[in-house]
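Next comes input08.cif, a file with mmCIF, C-alpha atoms and all ligand atoms.
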data_query
loop_
_atom_site.label_atom_id
_atom_site.label_comp_id
_atom_site.auth_asym_id
_atom_site.auth_seq_id
_atom_site.Cartn_x
_atom_site.Cartn_y
_atom_site.Cartn_z
CA MET A 1 -8.86 -83.85 19.63
CA LEU A 2 -5.56 -83.79 17.74
CA VAL A 3 -5.39 -80.47 15.92
CA SER A 4 -2.54 -78.97 13.96
CA PHE A 5 -1.16 -76.18 11.88
CA VAL A 6 1.08 -76.62 8.86
CA GLN A 7 3.50 -73.73 8.31
CA LEU A 8 4.62 -73.53 4.67
CA ARG A 9 6.70 -71.51 2.22
CA PRO A 10 4.53 -71.54 -0.92
CA GLU A 11 6.18 -70.87 -4.26
CA PHE A 12 4.12 -68.40 -6.28
CA GLY A 13 2.12 -70.13 -9.01
CA ASN A 14 3.57 -73.61 -8.41
CA LYS A 15 0.46 -75.43 -7.27
CA PRO A 16 1.81 -78.99 -7.65
CA ALA A 17 4.86 -78.23 -5.48
CA ASN A 18 2.82 -76.36 -2.88
CA ILE A 19 0.24 -79.12 -2.58
CA ASP A 20 2.94 -81.84 -2.45
CA LYS A 21 4.76 -80.08 0.37
CA ALA A 22 1.55 -79.70 2.40
CA ILE A 23 0.64 -83.35 1.88
CA SER A 24 4.07 -84.61 2.88
CA LEU A 25 4.10 -82.52 6.07
CA MET A 26 0.57 -83.68 6.95
CA GLU A 27 1.55 -87.30 6.29
CA SER A 28 4.46 -86.91 8.73
CA LYS A 29 2.19 -86.38 11.78
CA PRO A 30 -1.28 -87.88 12.35
CA ALA A 31 -4.02 -85.41 13.39
CA GLU A 32 -7.80 -85.11 13.21
CA LEU A 33 -7.68 -81.54 11.93
CA TYR A 34 -5.02 -79.77 9.87
CA VAL A 35 -5.08 -76.01 9.23
CA LEU A 36 -3.00 -74.66 6.33
CA PRO A 37 -2.13 -71.04 5.46
CA GLU A 38 -4.15 -68.52 3.46
CA LEU A 39 -3.71 -68.96 -0.34
CA PHE A 40 -1.38 -71.88 0.37
CA ASN A 41 -1.64 -73.40 -3.11
CA SER A 42 -1.19 -70.23 -5.20
CA GLY A 43 1.05 -67.82 -3.31
CA TYR A 44 0.05 -64.32 -2.26
CA VAL A 45 1.51 -61.47 -4.32
CA PHE A 46 -0.63 -61.19 -7.46
CA THR A 47 0.33 -58.70 -10.15
CA SER A 48 -2.75 -58.97 -12.37
CA ALA A 49 -6.34 -60.14 -12.40
CA GLU A 50 -5.47 -62.67 -15.13
CA GLU A 51 -2.81 -64.25 -12.94
CA LEU A 52 -5.33 -64.70 -10.14
CA ASP A 53 -7.96 -65.99 -12.54
CA ASN A 54 -5.57 -68.66 -13.82
CA LEU A 55 -4.79 -69.93 -10.32
CA ALA A 56 -8.29 -69.73 -8.81
CA GLU A 57 -10.38 -72.89 -8.34
CA THR A 58 -14.11 -73.42 -7.99
CA ALA A 59 -15.12 -74.53 -4.49
CA GLY A 60 -15.71 -78.28 -4.45
CA ASP A 61 -13.76 -78.78 -7.66
CA GLY A 62 -10.23 -78.24 -8.92
CA VAL A 63 -6.96 -80.05 -8.42
CA THR A 64 -6.30 -78.82 -4.86
CA PHE A 65 -9.76 -79.77 -3.64
CA LYS A 66 -9.54 -83.29 -5.09
CA ILE A 67 -6.08 -84.03 -3.66
CA ILE A 68 -6.97 -82.71 -0.19
CA ARG A 69 -10.35 -84.47 -0.21
CA ASP A 70 -8.61 -87.77 -1.02
CA PHE A 71 -6.04 -87.13 1.72
CA ALA A 72 -8.82 -86.46 4.27
CA GLN A 73 -10.65 -89.62 3.23
CA LYS A 74 -7.53 -91.79 3.36
CA HIS A 75 -6.40 -90.49 6.77
CA LYS A 76 -9.88 -90.06 8.33
CA CYS A 77 -9.28 -86.40 9.11
CA ALA A 78 -10.34 -82.89 8.12
CA VAL A 79 -8.31 -80.14 6.48
CA ILE A 80 -8.90 -76.38 6.29
CA TYR A 81 -6.86 -74.54 3.68
CA GLY A 82 -6.81 -71.11 2.08
CA PHE A 83 -7.16 -70.80 -1.71
CA PRO A 84 -8.20 -68.35 -4.41
CA GLU A 85 -11.83 -69.22 -5.12
CA LYS A 86 -13.28 -68.78 -8.58
CA ALA A 87 -16.95 -67.77 -8.77
CA ALA A 88 -19.11 -66.55 -11.63
CA GLU A 89 -18.90 -62.90 -10.48
CA GLY A 90 -15.15 -62.88 -9.66
CA ASN A 91 -12.57 -64.37 -7.31
CA TYR A 92 -12.62 -64.56 -3.51
CA ASN A 93 -9.86 -65.06 -0.96
CA SER A 94 -11.40 -68.13 0.66
CA SER A 95 -10.80 -70.98 3.03
CA ILE A 96 -12.43 -74.37 2.79
CA PHE A 97 -13.15 -77.10 5.33
CA ILE A 98 -13.14 -80.65 3.95
CA ASP A 99 -13.67 -83.77 6.09
CA TYR A 100 -13.30 -87.48 5.46
CA HIS A 101 -17.00 -87.85 4.65
CA GLY A 102 -16.53 -85.45 1.74
CA LYS A 103 -18.45 -82.64 3.48
CA PHE A 104 -17.08 -79.20 2.66
CA ARG A 105 -17.83 -75.60 3.69
CA VAL A 106 -16.38 -72.38 2.30
CA TYR A 107 -15.61 -69.10 4.08
CA ARG A 108 -14.85 -65.97 2.03
CA LYS A 109 -12.52 -63.43 3.67
CA LEU A 110 -14.62 -60.48 4.84
CA HIS A 111 -11.82 -57.97 5.41
CA LEU A 112 -9.41 -57.72 2.48
CA PHE A 113 -5.88 -56.45 3.20
CA TYR A 114 -3.93 -53.93 1.06
CA GLU A 115 -3.76 -54.85 -2.66
CA GLU A 116 -6.03 -57.84 -2.17
CA ASN A 117 -8.62 -55.09 -2.69
CA LEU A 118 -7.45 -54.77 -6.32
CA TYR A 119 -7.98 -58.40 -7.21
CA PHE A 120 -10.42 -60.11 -4.86
CA LYS A 121 -14.09 -59.52 -4.19
CA PRO A 122 -14.89 -58.99 -0.48
CA GLY A 123 -16.50 -61.98 1.19
CA ASN A 124 -20.28 -62.21 1.13
CA PHE A 125 -21.05 -65.22 3.34
CA GLN A 126 -22.33 -65.02 6.92
CA LEU A 127 -20.00 -66.22 9.67
CA GLU A 128 -21.12 -69.78 10.42
CA THR A 129 -19.68 -72.73 12.29
CA VAL A 130 -19.13 -76.21 10.91
CA ASP A 131 -19.60 -79.42 12.91
CA TYR A 132 -16.76 -81.92 12.95
CA ASN A 133 -16.12 -84.94 15.22
CA GLY A 134 -18.20 -83.46 18.07
CA ALA A 135 -16.64 -79.98 17.79
CA LYS A 136 -17.80 -76.73 16.25
CA LEU A 137 -15.20 -74.98 14.10
CA GLY A 138 -15.17 -71.38 12.95
CA MET A 139 -13.12 -70.05 10.04
CA MET A 140 -11.57 -66.64 9.57
CA ILE A 141 -8.75 -65.44 7.30
CA CYS A 142 -5.74 -63.32 8.20
CA TYR A 143 -6.66 -59.61 8.52
CA ASP A 144 -10.09 -60.59 9.87
CA TRP A 145 -8.22 -60.84 13.20
CA ILE A 146 -8.23 -57.05 13.58
CA TYR A 147 -12.03 -57.07 13.80
CA PRO A 148 -12.77 -58.76 17.14
CA GLU A 149 -16.38 -59.00 15.97
CA VAL A 150 -15.43 -61.90 13.70
CA ALA A 151 -14.10 -64.18 16.42
CA ARG A 152 -16.91 -63.02 18.73
CA ILE A 153 -19.69 -63.90 16.32
CA LEU A 154 -18.12 -67.29 15.64
CA ALA A 155 -17.83 -67.94 19.39
CA LEU A 156 -21.41 -66.78 20.03
CA LYS A 157 -22.49 -69.25 17.35
CA GLY A 158 -20.75 -71.97 19.35
CA ALA A 159 -17.31 -72.23 17.73
CA GLN A 160 -14.84 -73.93 20.04
CA ILE A 161 -11.86 -73.72 17.68
CA ILE A 162 -11.19 -70.70 15.49
CA CYS A 163 -9.29 -71.88 12.43
CA HIS A 164 -7.31 -68.97 11.09
CA CYS A 165 -5.55 -69.31 7.73
CA VAL A 166 -3.08 -66.44 7.39
CA ASN A 167 -0.32 -64.80 5.32
CA LEU A 168 0.78 -62.34 7.99
CA VAL A 169 3.03 -59.38 7.25
CA MET A 170 2.46 -57.22 10.34
CA PRO A 171 3.86 -58.23 13.75
CA TYR A 172 0.72 -57.91 15.90
CA CYS A 173 -1.57 -60.81 15.14
CA GLN A 174 0.03 -63.66 17.07
CA GLU A 175 -0.19 -61.65 20.31
CA ALA A 176 -3.72 -60.45 19.50
CA MET A 177 -4.93 -64.01 19.02
CA LYS A 178 -4.16 -64.70 22.68
CA THR A 179 -6.75 -62.04 23.48
CA ARG A 180 -9.25 -63.49 20.97
CA SER A 181 -8.90 -66.74 22.95
CA ILE A 182 -9.30 -65.14 26.38
CA GLU A 183 -12.25 -62.90 25.50
CA ASN A 184 -14.16 -65.77 23.86
CA ARG A 185 -12.77 -68.78 25.74
CA VAL A 186 -11.95 -70.59 22.53
CA PHE A 187 -8.98 -72.37 21.04
CA THR A 188 -7.34 -70.67 18.07
CA ILE A 189 -5.16 -72.17 15.35
CA THR A 190 -3.25 -69.60 13.31
CA ALA A 191 -1.53 -71.21 10.29
CA ASN A 192 0.92 -68.79 8.72
CA ARG A 193 3.36 -68.95 5.83
CA ILE A 194 7.02 -68.00 5.80
CA GLY A 195 9.49 -66.56 3.33
CA GLU A 196 9.84 -63.57 1.09
CA GLU A 197 7.67 -63.41 -2.03
CA LYS A 198 8.99 -60.88 -4.55
CA ARG A 199 7.11 -60.26 -7.78
CA GLY A 200 8.71 -57.46 -9.76
CA GLU A 201 8.47 -54.28 -7.72
CA LYS A 202 6.07 -55.85 -5.25
CA GLY A 203 6.83 -58.16 -2.40
CA PHE A 204 6.29 -59.16 1.20
CA THR A 205 8.16 -61.02 3.90
CA PHE A 206 5.81 -63.20 5.92
CA THR A 207 6.17 -63.59 9.65
CA GLY A 208 5.81 -67.34 10.34
CA GLN A 209 5.28 -68.03 14.06
CA SER A 210 2.13 -70.02 13.46
CA GLN A 211 0.56 -70.93 16.77
CA ILE A 212 -2.16 -72.69 18.72
CA THR A 213 -3.69 -71.04 21.79
CA ASP A 214 -5.87 -72.63 24.43
CA CYS A 215 -9.06 -71.12 25.90
CA ALA A 216 -7.09 -69.17 28.52
CA GLY A 217 -4.87 -67.53 25.91
CA ASN A 218 -1.84 -69.70 26.58
CA VAL A 219 0.27 -70.34 23.51
CA LEU A 220 0.60 -74.13 23.34
CA TYR A 221 3.29 -73.77 20.70
CA ARG A 222 4.58 -71.02 18.44
CA ALA A 223 6.53 -72.02 15.34
CA ASP A 224 9.76 -70.57 14.05
CA VAL A 225 9.86 -67.36 12.00
CA ASN A 226 11.37 -69.04 8.96
CA LYS A 227 10.95 -72.82 9.03
CA GLU A 228 8.41 -75.08 7.36
CA GLU A 229 6.90 -77.23 10.07
CA ILE A 230 3.85 -79.01 11.40
CA PHE A 231 2.71 -78.99 15.01
CA VAL A 232 0.01 -81.18 16.54
CA ALA A 233 -1.70 -80.40 19.87
CA ASP A 234 -4.04 -82.64 21.84
CA ILE A 235 -6.84 -80.34 23.04
CA ASN A 236 -10.00 -80.92 25.08
CA ILE A 237 -12.94 -79.28 23.32
CA GLU A 238 -14.95 -79.32 26.58
CA ASP A 239 -12.70 -76.48 27.88
CA ALA A 240 -14.23 -74.17 25.29
CA LYS A 241 -17.81 -74.95 26.31
CA ASP A 242 -17.38 -73.57 29.84
CA LYS A 243 -17.94 -69.80 29.69
CA LYS A 244 -18.02 -69.35 33.50
CA VAL A 245 -15.24 -66.98 34.63
CA ASN A 246 -15.91 -67.22 38.39
CA ASN A 247 -18.91 -67.59 40.70
CA PHE A 248 -20.15 -64.12 39.75
CA ASN A 249 -19.18 -63.83 36.09
CA SER A 250 -20.25 -65.68 33.00
CA LEU A 251 -18.76 -64.51 29.73
CA TRP A 252 -21.99 -64.71 27.79
CA ASP A 253 -24.58 -63.96 30.49
CA ASP A 254 -22.82 -60.74 31.55
CA ARG A 255 -22.90 -59.12 28.11
CA ARG A 256 -24.72 -55.74 28.07
CA THR A 257 -25.91 -55.92 24.50
CA GLU A 258 -28.26 -52.93 24.90
CA TYR A 259 -25.07 -50.81 25.05
CA TYR A 260 -23.41 -52.42 22.04
CA LYS A 261 -25.99 -51.52 19.41
CA ARG A 262 -23.60 -49.32 17.38
CA LEU A 263 -21.48 -52.38 16.66
CA GLY A 264 -24.19 -53.53 14.29
CA GLU A 265 -24.47 -50.23 12.42
C1 LIG B 301 -3.40 -60.51 5.26
O1 LIG B 301 -4.58 -60.32 5.50
N1 LIG B 301 -3.00 -61.45 4.43
C2 LIG B 301 -2.37 -59.67 5.89
#

Now, as a test, write the supplied structure out as structure tokens.
Ligand code: ACM
Amino acid sequence: MLVSFVQLRPEFGNKPANIDKAISLMESKPAELYVLPELFNSGYVFTSAEELDNLAETAGDGVTFKIIRDFAQKHKCAVIYGFPEKAAEGNYNSSIFIDYHGKFRVYRKLHLFYEENLYFKPGNFQLETVDYNGAKLGMMICYDWIYPEVARILALKGAQIICHCVNLVMPYCQEAMKTRSIENRVFTITANRIGEEKRGEKGFTFTGQSQITDCAGNVLYRADVNKEEIFVADINIEDAKDKKVNNFNSLWDDRRTEYYKRLGE
């Protein structure tokens, strides 16, 4: 399966430019699955609830959804992108899977980072996988990486590729995702943004270095710190179905769940 990340430098609030850039990079390299960064269409550093409200889109509707859905249909592919999701009760930091049949699934970020807590509602959907072209995909967003439970649950539910839309500001995640791959025997695609986003007194510099790891934790490719780029890897999903470590150890069969009960508390 040809899978990819698209590393972008979104311009805050400029949805048309952000969407155009993503489309032109995706059109430059054929793939079956493209993963885009967290909040790729809006930018990250919000300064008010109104600002977020004006940029948020209802899942399955809105300008971003329609353009990406049409792209997926035209190129017979699937896209996962991060966006601010408008709902009746407030806005979520979400990612959405859309395939060429028009099927879509939404994931709402469970673990909000820093001032996201001021503006977004915490996710309220269970961690589920989505079927696509014979593979099972799992979605998580940025800071979710620091809770290994997220990748674990997705893998236990059969995910073979963890699709990770991010706006990373700390330096640890790319290395940690190697471990998420090893401990679950899954592929991971971490699609990050680049650039500095300054909004008045607030601002962040994002770390780039988007990457794809294989099931043994090898980094197939890690992008530059500060360059917009797309990378496509040809991966064999079957590798992620084999949870045997050696003749004595099986990743799933060896779990001692009677000793892990506190994890659920
Ligand atoms: C993050 O969760 N965007 C750091």

Output as JSON lines one row per residue of chain A within 6 Å of ligand LIG 301 (chain B): the closest atom pair and its distance in Å to one decimal place, counting only C-alpha atoms and all ligand atoms, sorted by chain and residue number ascending.
{"residue": "A:Phe113", "atom": "CA", "partner": "B:LIG301", "partner_atom": "O1", "distance": 4.7}
{"residue": "A:Cys142", "atom": "CA", "partner": "B:LIG301", "partner_atom": "O1", "distance": 4.2}
{"residue": "A:Tyr143", "atom": "CA", "partner": "B:LIG301", "partner_atom": "O1", "distance": 3.7}
{"residue": "A:Val166", "atom": "CA", "partner": "B:LIG301", "partner_atom": "N1", "distance": 5.8}
{"residue": "A:Asn167", "atom": "CA", "partner": "B:LIG301", "partner_atom": "N1", "distance": 4.4}
{"residue": "A:Leu168", "atom": "CA", "partner": "B:LIG301", "partner_atom": "C2", "distance": 4.6}
{"residue": "A:Val169", "atom": "CA", "partner": "B:LIG301", "partner_atom": "C2", "distance": 5.6}

* Neighbour list for A:Gly200 as a count of residues only, cut-off 10 Å, only C-alpha atoms, skip fewer than 3 positions in-chain -> 4

* Asked: Which is closer to A:Pro10 than all the others in A:Ile235, A:Cys173, A:Ala151, A:Ile194, using only C-alpha atoms?
  ->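 Closest residue, counting only C-alpha atoms: A:Ile194.
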
Non-local contacts of A:Met139 (7 Å; all atoms listed in the file; under 4 positions in same chain excluded) as a CSV table (one decimal) with C-alpha atoms, in the coordinates of the input:
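Output (result-v7.csv):
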chain,number,residue,atom,x,y,z
A,107,TYR,CA,-15.6,-69.1,4.1
A,162,ILE,CA,-11.2,-70.7,15.5
A,163,CYS,CA,-9.3,-71.9,12.4
A,164,HIS,CA,-7.3,-69.0,11.1

* **Selection: 6 Å around stretch 208-223 of chain A, only C-alpha atoms, excl. self and same-chain fewer than 2 positions, as a VMD selection string** => chain A and resid 178 181 to 182 185 to 194 225 to 226

* With all atoms listed in the file as the atoms that count, which of A:Lys121, A:Arg199, A:His111, A:Lys157 lies nearest to A:Ile141? ->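 Among the listed residues, A:His111 lies closest to A:Ile141.
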
* Asked: So which one's closest to A:Val150, A:Gly134, A:Cys77, A:Pro122, A:Asn184? Using only C-alpha atoms, please.
  ->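 With only C-alpha atoms as the atom set, the closest residue is A:Asn184.
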
* To do: Tell me, as a ChimeraX atom specification, which residues lie within 7 Å of stretch 2-7 of chain A, counting only C-alpha atoms; anything in the same chain fewer than 4 positions away does not count.
  => /A:31-37,189,191-193,210,228-235

* Could you state the separation of atom CA of A:Glu149 and atom CA of A:Phe104 in Å, given to one decimal place? ->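 Going from atom CA of A:Glu149 over to atom CA of A:Phe104 covers 24.2 Å.
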
Please identify all polymer residues within 9 Å of A:Glu116, counting all atoms listed in the file, omitting same-chain residues fewer than 2 positions from it, and present them as a JSON list (two decimals) with C-alpha atoms, in the frame of the given file.
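Okay, part-v4.json is ready:
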[["chain", "number", "residue", "atom", "x", "y", "z"],
["A", 44, "TYR", "CA", 0.05, -64.32, -2.26],
["A", 45, "VAL", "CA", 1.51, -61.47, -4.32],
["A", 46, "PHE", "CA", -0.63, -61.19, -7.46],
["A", 93, "ASN", "CA", -9.86, -65.06, -0.96],
["A", 112, "LEU", "CA", -9.41, -57.72, 2.48],
["A", 113, "PHE", "CA", -5.88, -56.45, 3.20],
["A", 114, "TYR", "CA", -3.93, -53.93, 1.06],
["A", 118, "LEU", "CA", -7.45, -54.77, -6.32],
["A", 119, "TYR", "CA", -7.98, -58.40, -7.21],
["A", 120, "PHE", "CA", -10.42, -60.11, -4.86],
["A", 121, "LYS", "CA", -14.09, -59.52, -4.19]]

* **Best match for closeness to A:Trp252 among A:Val63, A:Ser48, A:Leu25, A:Ile153, counting all atoms listed in the file** =>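 Among the listed residues, the smallest separation from A:Trp252 belongs to A:Ile153.
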